[in-house]
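**Student:** The structure file protein-v7.txt (compact mmCIF, C-alpha atoms) is provided below.
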```txt
# COMPACT_ATOMS: atom_id res chain seq x y z
CA MET A 1 -19.01 -4.76 -13.36
CA VAL A 2 -17.79 -5.29 -9.78
CA HIS A 3 -19.39 -6.64 -6.62
CA GLU A 4 -22.41 -7.90 -8.54
CA LEU A 5 -22.68 -11.02 -6.35
CA THR A 6 -23.03 -9.51 -2.88
CA SER A 7 -26.57 -10.70 -2.14
CA GLN A 8 -27.68 -14.12 -0.97
CA PRO A 9 -28.31 -16.76 -2.17
CA TRP A 10 -26.24 -16.02 -5.29
CA ARG A 11 -23.14 -15.02 -3.37
CA GLY A 12 -23.19 -18.28 -1.40
CA VAL A 13 -23.81 -20.36 -4.50
CA TYR A 14 -20.96 -18.68 -6.36
CA LEU A 15 -18.49 -19.02 -3.46
CA SER A 16 -19.44 -22.70 -2.99
CA TYR A 17 -18.90 -23.34 -6.69
CA GLN A 18 -15.50 -21.64 -6.59
CA LEU A 19 -14.46 -23.59 -3.49
CA VAL A 20 -15.31 -26.97 -5.02
CA THR A 21 -13.85 -26.29 -8.46
CA THR A 22 -10.67 -24.78 -7.05
CA ILE A 23 -9.95 -27.66 -4.66
CA PHE A 24 -10.84 -30.51 -7.01
CA PHE A 25 -10.01 -29.13 -10.44
CA ARG A 26 -7.92 -25.95 -10.53
CA LEU A 27 -5.32 -26.87 -7.91
CA PRO A 28 -4.62 -30.37 -9.32
CA PHE A 29 -4.35 -28.89 -12.82
CA TRP A 30 -2.00 -26.12 -11.63
CA VAL A 31 0.20 -28.71 -9.92
CA LEU A 32 0.48 -30.94 -12.99
CA ARG A 33 0.92 -27.99 -15.33
CA ASN A 34 3.76 -26.50 -13.29
CA VAL A 35 5.76 -29.54 -12.22
CA PRO A 36 8.26 -28.87 -15.03
CA ARG A 37 10.22 -25.80 -13.95
CA SER A 38 10.42 -24.59 -17.53
CA LEU A 39 6.61 -24.17 -17.66
CA ARG A 40 6.34 -22.01 -14.55
CA PRO A 41 5.77 -18.25 -14.90
CA ARG A 42 9.38 -17.77 -13.81
CA PRO A 43 11.84 -20.70 -13.85
CA SER A 44 13.31 -19.50 -10.55
CA TRP A 45 9.99 -19.96 -8.77
CA SER A 46 9.39 -22.99 -6.59
CA LEU A 47 6.23 -25.00 -7.14
CA LYS A 48 4.82 -23.61 -3.88
CA LYS A 49 5.49 -20.03 -4.92
CA THR A 50 3.88 -20.67 -8.32
CA LEU A 51 0.75 -22.20 -6.81
CA MET A 52 0.38 -19.46 -4.19
CA ILE A 53 0.56 -16.64 -6.74
CA LYS A 54 -1.97 -18.40 -8.99
CA LEU A 55 -4.27 -18.88 -6.00
CA ILE A 56 -3.95 -15.23 -4.93
CA LYS A 57 -4.73 -14.11 -8.47
CA HIS A 58 -7.81 -16.34 -8.57
CA LEU A 59 -9.03 -15.21 -5.14
CA SER A 60 -8.64 -11.59 -6.22
CA ALA A 61 -10.91 -12.27 -9.18
CA ILE A 62 -13.50 -13.86 -6.88
CA SER A 63 -13.33 -10.90 -4.52
CA SER A 64 -13.95 -8.46 -7.36
CA ARG A 65 -17.35 -10.07 -7.84
CA THR A 66 -18.35 -10.73 -4.22
CA ASP A 67 -16.67 -7.90 -2.26
CA SER A 68 -15.82 -10.40 0.44
CA LEU A 69 -12.33 -11.83 0.53
CA LYS A 70 -10.47 -8.51 0.87
CA ARG A 71 -12.87 -6.52 3.02
CA PRO A 72 -11.28 -6.07 6.43
CA LEU A 73 -13.03 -7.17 9.60
CA THR A 74 -12.03 -3.86 11.14
CA ASP A 75 -11.95 -0.36 9.68
CA HIS A 76 -11.65 3.26 10.78
CA THR A 77 -14.86 3.04 12.84
CA ASN A 78 -13.81 0.13 15.06
CA VAL A 79 -10.64 -1.55 16.23
CA ALA A 80 -9.26 -5.06 16.33
CA GLN A 81 -9.41 -6.73 19.70
CA GLY A 82 -7.03 -9.10 21.44
CA PRO A 83 -4.36 -9.33 24.13
CA ASP A 84 -1.65 -8.51 21.58
CA ILE A 85 -3.39 -5.38 20.24
CA LYS A 86 -2.12 -1.89 21.08
CA TYR A 87 -4.30 0.80 19.57
CA VAL A 88 -4.86 4.50 19.98
CA TRP A 89 -7.54 6.85 18.68
CA LEU A 90 -5.91 9.68 16.74
CA ASN A 91 -7.41 13.14 16.98
CA PRO A 92 -8.40 14.94 13.77
CA THR A 93 -6.25 17.93 12.78
CA PRO A 94 -8.46 20.42 10.90
CA ASP A 95 -6.09 23.29 11.75
CA LEU A 96 -3.33 21.67 9.67
CA LEU A 97 -5.20 21.82 6.36
CA ASN A 98 -4.36 24.48 3.80
CA THR A 99 -6.92 26.20 1.58
CA GLU A 100 -6.40 23.84 -1.33
CA LEU A 101 -6.89 20.71 0.77
CA ARG A 102 -9.99 22.19 2.41
CA LYS A 103 -11.45 22.85 -1.04
CA TRP A 104 -10.87 19.28 -2.19
CA ALA A 105 -12.28 17.89 1.06
CA ALA A 106 -15.43 19.98 0.72
CA ALA A 107 -15.90 18.77 -2.88
CA ALA A 108 -15.58 15.14 -1.74
CA ASN A 109 -17.77 15.73 1.34
CA VAL A 110 -15.07 14.49 3.71
CA ALA A 111 -13.75 16.07 6.88
CA PRO A 112 -11.09 15.26 9.49
CA VAL A 113 -12.30 12.54 11.86
CA SER A 114 -10.86 10.48 14.68
CA ILE A 115 -9.31 7.24 13.41
CA PRO A 116 -7.42 4.33 15.00
CA GLY A 117 -3.73 3.61 14.81
CA TYR A 118 -2.00 0.41 15.91
CA TRP A 119 1.38 0.08 17.57
CA LEU A 120 3.65 -2.83 16.60
CA ASP A 121 6.81 -3.68 18.52
CA ALA A 122 10.12 -4.97 17.23
CA PRO A 123 11.00 -8.50 18.41
CA GLY A 124 11.90 -8.45 22.10
CA GLU A 125 10.29 -5.05 22.69
CA ASP A 126 7.09 -4.17 24.56
CA VAL A 127 6.81 -0.40 24.47
CA PRO A 128 3.77 1.09 26.24
CA ILE A 129 1.51 3.31 24.13
CA ASN A 130 2.60 6.98 23.95
CA THR A 131 6.01 6.32 25.51
CA PRO A 132 8.36 9.18 24.60
CA PRO A 133 11.29 8.12 22.37
CA HIS A 134 14.61 7.02 23.81
CA PRO A 135 17.71 8.92 22.67
CA GLY A 136 18.55 7.76 19.14
CA GLU A 137 15.23 6.00 18.66
CA ARG A 138 13.45 6.06 15.31
CA VAL A 139 9.85 5.17 14.56
CA LEU A 140 8.27 3.56 11.51
CA TYR A 141 5.06 5.20 10.28
CA SER A 142 3.41 2.55 8.09
CA LEU A 143 0.65 3.12 5.52
CA HIS A 144 -0.89 -0.08 4.15
CA GLY A 145 -1.79 -0.89 0.57
CA GLY A 146 -4.96 -2.20 -1.04
CA SER A 147 -5.91 0.23 -3.86
CA TYR A 148 -7.41 2.54 -1.20
CA ILE A 149 -10.39 0.15 -1.02
CA HIS A 150 -9.06 -3.00 0.67
CA TYR A 151 -7.30 -4.33 3.75
CA SER A 152 -6.53 -2.87 7.14
CA ALA A 153 -3.79 -1.59 9.41
CA SER A 154 -4.81 -4.16 12.02
CA PRO A 155 -2.00 -6.35 13.38
CA HIS A 156 -4.20 -9.28 12.34
CA ASP A 157 -4.18 -8.25 8.67
CA MET A 158 -1.61 -9.92 6.42
CA LEU A 159 -0.28 -6.53 5.31
CA SER A 160 1.16 -6.10 8.81
CA ASN A 161 3.84 -8.52 7.57
CA ILE A 162 5.55 -5.51 5.99
CA PRO A 163 6.09 -3.30 9.06
CA ARG A 164 6.78 -6.41 11.16
CA GLY A 165 9.41 -7.52 8.66
CA ILE A 166 11.07 -4.09 8.61
CA LEU A 167 11.14 -3.99 12.42
CA GLU A 168 12.57 -7.50 12.60
CA HIS A 169 15.47 -6.70 10.29
CA SER A 170 16.06 -3.06 11.26
CA LYS A 171 15.93 -2.98 15.05
CA ALA A 172 19.64 -2.21 15.12
CA THR A 173 18.97 1.01 13.17
CA GLY A 174 16.95 2.45 16.05
CA LEU A 175 13.51 1.20 15.01
CA ARG A 176 11.81 -0.23 18.11
CA ARG A 177 8.18 0.21 17.08
CA ALA A 178 5.82 1.12 14.26
CA LEU A 179 2.56 3.01 14.06
CA THR A 180 0.21 1.62 11.40
CA LEU A 181 -2.61 3.92 10.31
CA GLU A 182 -6.22 2.76 9.87
CA TYR A 183 -7.03 5.39 7.26
CA ARG A 184 -10.48 5.58 5.71
CA LEU A 185 -11.12 3.26 2.75
CA SER A 186 -12.84 4.64 -0.34
CA ARG A 187 -16.10 3.33 -1.81
CA GLY A 188 -17.82 4.04 -5.09
CA ALA A 189 -20.71 2.93 -7.26
CA PRO A 190 -22.39 0.44 -7.09
CA HIS A 191 -22.00 1.25 -3.37
CA PRO A 192 -22.83 4.62 -1.83
CA PRO A 193 -19.74 6.77 -2.46
CA ALA A 194 -17.60 7.38 0.62
CA ASN A 195 -14.15 8.57 1.68
CA ALA A 196 -12.82 9.74 -1.66
CA PHE A 197 -9.58 11.72 -1.94
CA PRO A 198 -8.40 13.49 0.17
CA ALA A 199 -9.88 11.49 3.09
CA ALA A 200 -6.85 9.19 3.48
CA LEU A 201 -4.46 12.15 3.26
CA LEU A 202 -6.33 13.95 6.06
CA ASP A 203 -5.92 10.81 8.16
CA ALA A 204 -2.22 10.47 7.31
CA ILE A 205 -1.60 14.06 8.42
CA ALA A 206 -3.32 13.34 11.73
CA GLY A 207 -1.18 10.26 12.33
CA TYR A 208 2.02 12.16 11.59
CA ALA A 209 1.01 14.99 13.92
CA TYR A 210 0.31 12.41 16.66
CA LEU A 211 3.83 11.01 16.38
CA THR A 212 5.44 14.44 16.66
CA GLN A 213 3.12 16.33 18.98
CA VAL A 214 1.83 13.60 21.30
CA VAL A 215 4.51 10.92 21.41
CA GLY A 216 7.31 13.41 20.89
CA PHE A 217 9.32 12.05 17.95
CA ALA A 218 11.47 14.53 16.06
CA PRO A 219 10.48 14.55 12.36
CA GLU A 220 13.99 13.53 11.33
CA ASP A 221 13.55 10.33 13.38
CA ILE A 222 10.36 9.32 11.57
CA VAL A 223 10.62 6.78 8.73
CA VAL A 224 7.48 6.90 6.59
CA ALA A 225 6.77 3.64 4.74
CA GLY A 226 3.98 2.67 2.38
CA ASP A 227 3.26 -0.26 0.10
CA SER A 228 1.20 -0.09 -3.11
CA ALA A 229 -1.60 2.43 -2.47
CA GLY A 230 0.06 3.09 0.88
CA GLY A 231 3.13 4.13 -1.09
CA ASN A 232 0.95 6.55 -3.03
CA LEU A 233 -0.35 7.94 0.26
CA ALA A 234 3.17 8.18 1.71
CA ILE A 235 4.27 10.30 -1.27
CA ALA A 236 1.19 12.51 -0.88
CA LEU A 237 1.85 13.01 2.84
CA VAL A 238 5.50 13.94 2.34
CA ARG A 239 4.54 16.27 -0.54
CA TYR A 240 2.02 18.05 1.67
CA LEU A 241 4.53 18.48 4.48
CA ILE A 242 7.14 19.87 2.08
CA GLU A 243 4.79 22.21 0.23
CA ASN A 244 3.50 23.66 3.50
CA VAL A 245 6.68 24.02 5.53
CA GLY A 246 6.21 26.87 7.96
CA MET A 247 2.47 26.42 8.44
CA VAL A 248 1.67 26.98 12.11
CA GLY A 249 1.45 23.63 13.90
CA LEU A 250 2.41 21.49 10.89
CA PRO A 251 5.48 19.32 11.60
CA PRO A 252 8.43 19.34 9.17
CA PRO A 253 8.92 16.44 6.70
CA PRO A 254 10.24 13.04 7.90
CA GLY A 255 13.82 11.88 7.84
CA ARG A 256 13.39 8.89 5.49
CA LEU A 257 10.87 7.48 3.00
CA ILE A 258 10.36 3.80 2.10
CA LEU A 259 8.19 2.99 -0.93
CA LEU A 260 7.35 -0.66 -1.60
CA SER A 261 5.73 -1.33 -5.01
CA PRO A 262 4.21 2.17 -4.89
CA TRP A 263 1.08 2.82 -6.96
CA ALA A 264 2.49 6.00 -8.45
CA ASP A 265 0.17 6.53 -11.42
CA PRO A 266 -3.53 5.73 -10.90
CA SER A 267 -4.20 7.80 -14.03
CA ARG A 268 -2.46 5.29 -16.31
CA THR A 269 -4.77 3.55 -18.80
CA ASP A 270 -4.38 0.22 -20.59
CA ASP A 271 -3.23 1.88 -23.80
CA GLN A 272 -0.43 3.67 -21.89
CA CYS A 273 1.02 0.38 -20.63
CA THR A 274 4.18 -0.88 -22.32
CA THR A 275 4.73 -4.33 -23.78
CA ARG A 276 6.74 -5.16 -20.66
CA SER A 277 3.88 -4.19 -18.37
CA ARG A 278 1.38 -6.23 -20.39
CA ALA A 279 3.67 -9.25 -20.29
CA ASN A 280 4.04 -8.88 -16.53
CA GLY A 281 0.24 -8.86 -16.28
CA THR A 282 0.18 -12.52 -17.29
CA ILE A 283 2.38 -13.33 -14.28
CA ASP A 284 1.46 -10.82 -11.58
CA PHE A 285 -1.73 -11.13 -9.53
CA LEU A 286 -2.56 -7.45 -9.96
CA GLY A 287 -5.33 -6.62 -12.42
CA SER A 288 -5.02 -4.19 -15.32
CA PRO A 289 -6.07 -0.51 -15.05
CA GLY A 290 -8.95 -1.20 -17.42
CA SER A 291 -10.29 -4.23 -15.54
CA PRO A 292 -13.58 -3.80 -13.66
CA MET A 293 -11.73 -3.71 -10.33
CA GLY A 294 -9.08 -1.36 -11.67
CA GLN A 295 -11.73 1.08 -12.85
CA TYR A 296 -13.67 0.74 -9.61
CA SER A 297 -10.68 1.50 -7.38
CA ARG A 298 -9.84 4.65 -9.35
CA ARG A 299 -13.48 5.75 -9.39
CA ALA A 300 -13.77 5.25 -5.63
CA LEU A 301 -10.48 7.05 -4.99
CA VAL A 302 -11.16 10.32 -6.81
CA GLY A 303 -14.92 10.49 -6.28
CA PRO A 304 -16.39 13.77 -7.55
CA LEU A 305 -13.07 15.61 -7.89
CA ALA A 306 -12.78 16.96 -11.43
CA ASP A 307 -9.59 15.71 -13.10
CA GLY A 308 -8.83 13.95 -9.82
CA LEU A 309 -6.68 11.27 -11.43
CA LEU A 310 -4.31 13.96 -12.74
CA ASN A 311 -3.97 15.66 -9.35
CA ARG A 312 -0.31 15.86 -8.27
CA TYR A 313 -1.21 14.20 -4.97
CA VAL A 314 -2.95 11.29 -6.71
CA SER A 315 -0.74 10.49 -9.73
CA PRO A 316 2.75 11.88 -9.11
CA ALA A 317 4.20 9.74 -11.92
CA SER A 318 1.44 10.36 -14.46
CA VAL A 319 2.51 10.12 -18.10
CA SER A 320 -0.64 11.82 -19.34
CA PRO A 321 0.12 14.88 -21.49
CA ASN A 322 -2.55 16.73 -19.49
CA ALA A 323 -0.94 16.07 -16.12
CA PRO A 324 0.64 19.04 -14.29
CA SER A 325 4.37 19.20 -13.69
CA VAL A 326 5.32 17.41 -10.47
CA SER A 327 8.48 18.02 -8.46
CA PHE A 328 10.22 15.91 -5.82
CA LYS A 329 12.56 18.68 -4.72
CA ASP A 330 13.31 18.57 -0.97
CA PHE A 331 11.98 15.01 -0.53
CA PRO A 332 13.93 13.10 2.13
CA PRO A 333 16.34 10.27 1.26
CA SER A 334 14.20 7.52 -0.22
CA VAL A 335 14.35 3.85 -1.10
CA VAL A 336 11.99 2.46 -3.75
CA LEU A 337 11.49 -1.30 -3.92
CA ALA A 338 9.81 -3.17 -6.76
CA GLY A 339 9.31 -6.58 -8.32
CA GLY A 340 10.61 -7.03 -11.82
CA VAL A 341 7.47 -8.83 -12.97
CA GLU A 342 4.87 -6.61 -11.35
CA ARG A 343 2.26 -5.07 -13.60
CA ILE A 344 2.89 -1.48 -12.50
CA ILE A 345 6.65 -1.57 -13.06
CA ASP A 346 6.28 1.22 -15.65
CA ASP A 347 4.77 3.52 -13.01
CA ILE A 348 7.57 2.77 -10.58
CA ASP A 349 10.31 3.27 -13.15
CA GLU A 350 8.83 6.67 -14.05
CA LEU A 351 8.55 7.62 -10.37
CA VAL A 352 12.18 6.77 -9.70
CA LYS A 353 13.33 8.68 -12.78
CA ARG A 354 11.54 11.81 -11.57
CA MET A 355 12.77 11.43 -8.00
CA LYS A 356 16.39 11.08 -9.09
CA ARG A 357 16.00 14.04 -11.45
CA ASP A 358 14.77 16.34 -8.69
CA MET A 359 16.50 14.94 -5.61
CA GLY A 360 19.79 13.70 -7.06
CA ALA A 361 20.67 10.07 -7.75
CA ASP A 362 22.53 9.80 -4.45
CA LYS A 363 19.31 10.46 -2.49
CA VAL A 364 17.29 7.66 -4.13
CA LEU A 365 18.00 3.92 -3.90
CA TYR A 366 16.10 1.76 -6.38
CA HIS A 367 16.02 -1.93 -5.42
CA VAL A 368 14.40 -4.34 -7.91
CA GLU A 369 13.99 -8.07 -7.35
CA PRO A 370 13.88 -9.38 -10.96
CA ASP A 371 11.46 -12.28 -10.45
CA ALA A 372 9.21 -10.74 -7.80
CA VAL A 373 5.53 -9.78 -8.13
CA HIS A 374 3.71 -6.74 -6.82
CA ASP A 375 3.99 -6.13 -3.06
CA TYR A 376 5.95 -9.34 -2.58
CA THR A 377 7.20 -8.33 0.87
CA VAL A 378 3.68 -9.06 2.16
CA PHE A 379 4.10 -12.77 1.42
CA LYS A 380 6.29 -14.74 3.78
CA PHE A 381 6.50 -17.55 1.23
CA PHE A 382 8.09 -15.25 -1.36
CA GLU A 383 11.68 -16.13 -0.58
CA PRO A 384 14.54 -15.40 -0.97
CA GLU A 385 13.35 -12.08 -2.43
CA ARG A 386 11.46 -10.94 0.69
CA THR A 387 14.39 -11.38 3.07
CA SER A 388 16.81 -9.89 0.54
CA THR A 389 14.64 -6.77 0.32
CA LEU A 390 14.19 -6.39 4.07
CA ARG A 391 17.95 -6.64 4.52
CA ALA A 392 18.45 -4.01 1.81
CA ILE A 393 16.12 -1.68 3.71
CA SER A 394 18.07 -2.25 6.92
CA LYS A 395 21.38 -1.57 5.19
CA TRP A 396 19.97 1.62 3.66
CA LEU A 397 18.69 2.83 7.04
CA ARG A 398 22.19 2.39 8.46
CA SER A 399 23.78 4.39 5.65
```
For the file at hand, write its structure as structure tokens.
**Tutor:**
Amino acid sequence: MVHELTSQPWRGVYLSYQLVTTIFFRLPFWVLRNVPRSLRPRPSWSLKKTLMIKLIKHLSAISSRTDSLKRPLTDHTNVAQGPDIKYVWLNPTPDLLNTELRKWAAAANVAPVSIPGYWLDAPGEDVPINTPPHPGERVLYSLHGGSYIHYSASPHDMLSNIPRGILEHSKATGLRRALTLEYRLSRGAPHPPANAFPAALLDAIAGYAYLTQVVGFAPEDIVVAGDSAGGNLAIALVRYLIENVGMVGLPPPPGRLILLSPWADPSRTDDQCTTRSRANGTIDFLGSPGSPMGQYSRRALVGPLADGLLNRYVSPASVSPNAPSVSFKDFPPSVVLAGGVERIIDDIDELVKRMKRDMGADKVLYHVEPDAVHDYTVFKFFEPERTSTLRAISKWLRS
């Protein structure tokens, strides 16, 4: 069961208990237990890195019961405020939906709506909203992770560390700014169901159309990036653009694709996980597919769509024998980045295998940091792996 402690006073009692026991018992025990390097999850990890990952894993477990620690302060209905915030309301694009997507949207009771997007600038830049691109300029179109149920595109959210990091290391490649999309988050029982697939895809299409039709970027100058569930959404967006080339008003596919720890197979079950994946689960902070939160996120994502988890837009790396054949033909040059000890490494390996099969090995770069966890580029403390990965992205963009 998830989110069973959302009502007061039980939520407050539980959170107070967790605060006290974590500060006075868990943290001291974790410190003593992990002082010897040989006892840490990975011998290469510093004590700080070890403690932070254990704390994140514990906080994730608390959030699964209280629905509090990962819920963003802002969402698609309102925007973050502050002197450093640059936001724009993106117009819905109902005319860019094909018959298939309209059918899925009707089944899920979702429709195109206006959503916010946030502009981030590279260090030393201050580009006004909607400024047309300079000659040779590229733009980063960033889709955040969070299992389609958590986090935000807000510059105040910790997941903004990813587009900020890419901009910091890749300014010389023509990236001066990034648009981060505040797509709709899904909800499911025990909450009223909302924003199931394809809601986020409708939003991603609108953001892409804004970059090409309003700001004026050429599709080949757009770099689409997504981490975790945002990587799943990035694949779905590019697939839609490729499958519908020639549709009136729909822009062509982007020039590059960056996938960071992409959630490529939401259909995968516990019994389909390899020994390697299960072993990684004892280290990584990410829960198993069969955990209450894992089941909830998948239930919220697909909503009422029959066989939704096997849809080619939802699980492009599905290993289910009932899954349809999925092709990556005509995808743009792509880089896939993963941590060697993340729980979903099987999904990512399968994704890369299929991409190389259909695109050619020369069009796909697979960068794995052996001792890194899921979505490690979010965490500024996860060094040297984070900087190594951001530099690899910059080098790839220059190639």
**Student:** Taking only C-alpha atoms into account, which of A:Arg40, A:Lys329, A:Arg268, A:His134 comes nearest Gly360 of chain A?
**Tutor:**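 For Gly360 of chain A, the nearest of the candidates is A:Lys329.
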**Student:** Would you please work out which residue, of A:Gly339, A:Pro36, A:Pro163, A:Pro332, is nearest to Leu120 of chain A when using only C-alpha atoms?
**Tutor:**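 Smallest distance to Leu120 of chain A is found for A:Pro163.
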**Student:** Using 4 Å of padding on each side, determine the axis-aligned box around all atoms of segment 282-295 of chain A present in the file and give its centre and edge lengths in Å to one decimal, as AutoDock Vina command-line options.
**Tutor:**
```
--center_x -5.6 --center_y -6.1 --center_z -13.5 --size_x 24.0 --size_y 22.4 --size_z 15.9
```
**Student:** Have a look at atom CA of Glu342 of chain A and atom CA of Thr377 of chain A and let me know their distance in Å, one decimal.
**Tutor:**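 The value is 12.6 Å.
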**Student:** So that I can check the surroundings of Asp375 of chain A, please list as a count of residues only every protein, DNA and RNA residue that reaches within 7 Å of it, counting all atoms listed in the file and ignoring chain neighbours fewer than 2 positions away.
**Tutor:** 7
**Student:** Go through A:Leu19, A:Met52, A:Leu309, A:Ala189 one by one, measure the shortest atom-to-atom distance of each to Asn34 of chain A using all atoms listed in the file, and give the residue with the smallest value.
**Tutor:**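 That would be A:Met52, the residue with the smallest distance to Asn34 of chain A.
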**Student:** May I ask which of the residues A:Val214, A:His58, A:Asp203, A:Ser152 is the closest one to Asn130 of chain A, counting all atoms listed in the file?
**Tutor:**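 When distances to Asn130 of chain A are compared using all atoms listed in the file, the smallest one comes from A:Val214.
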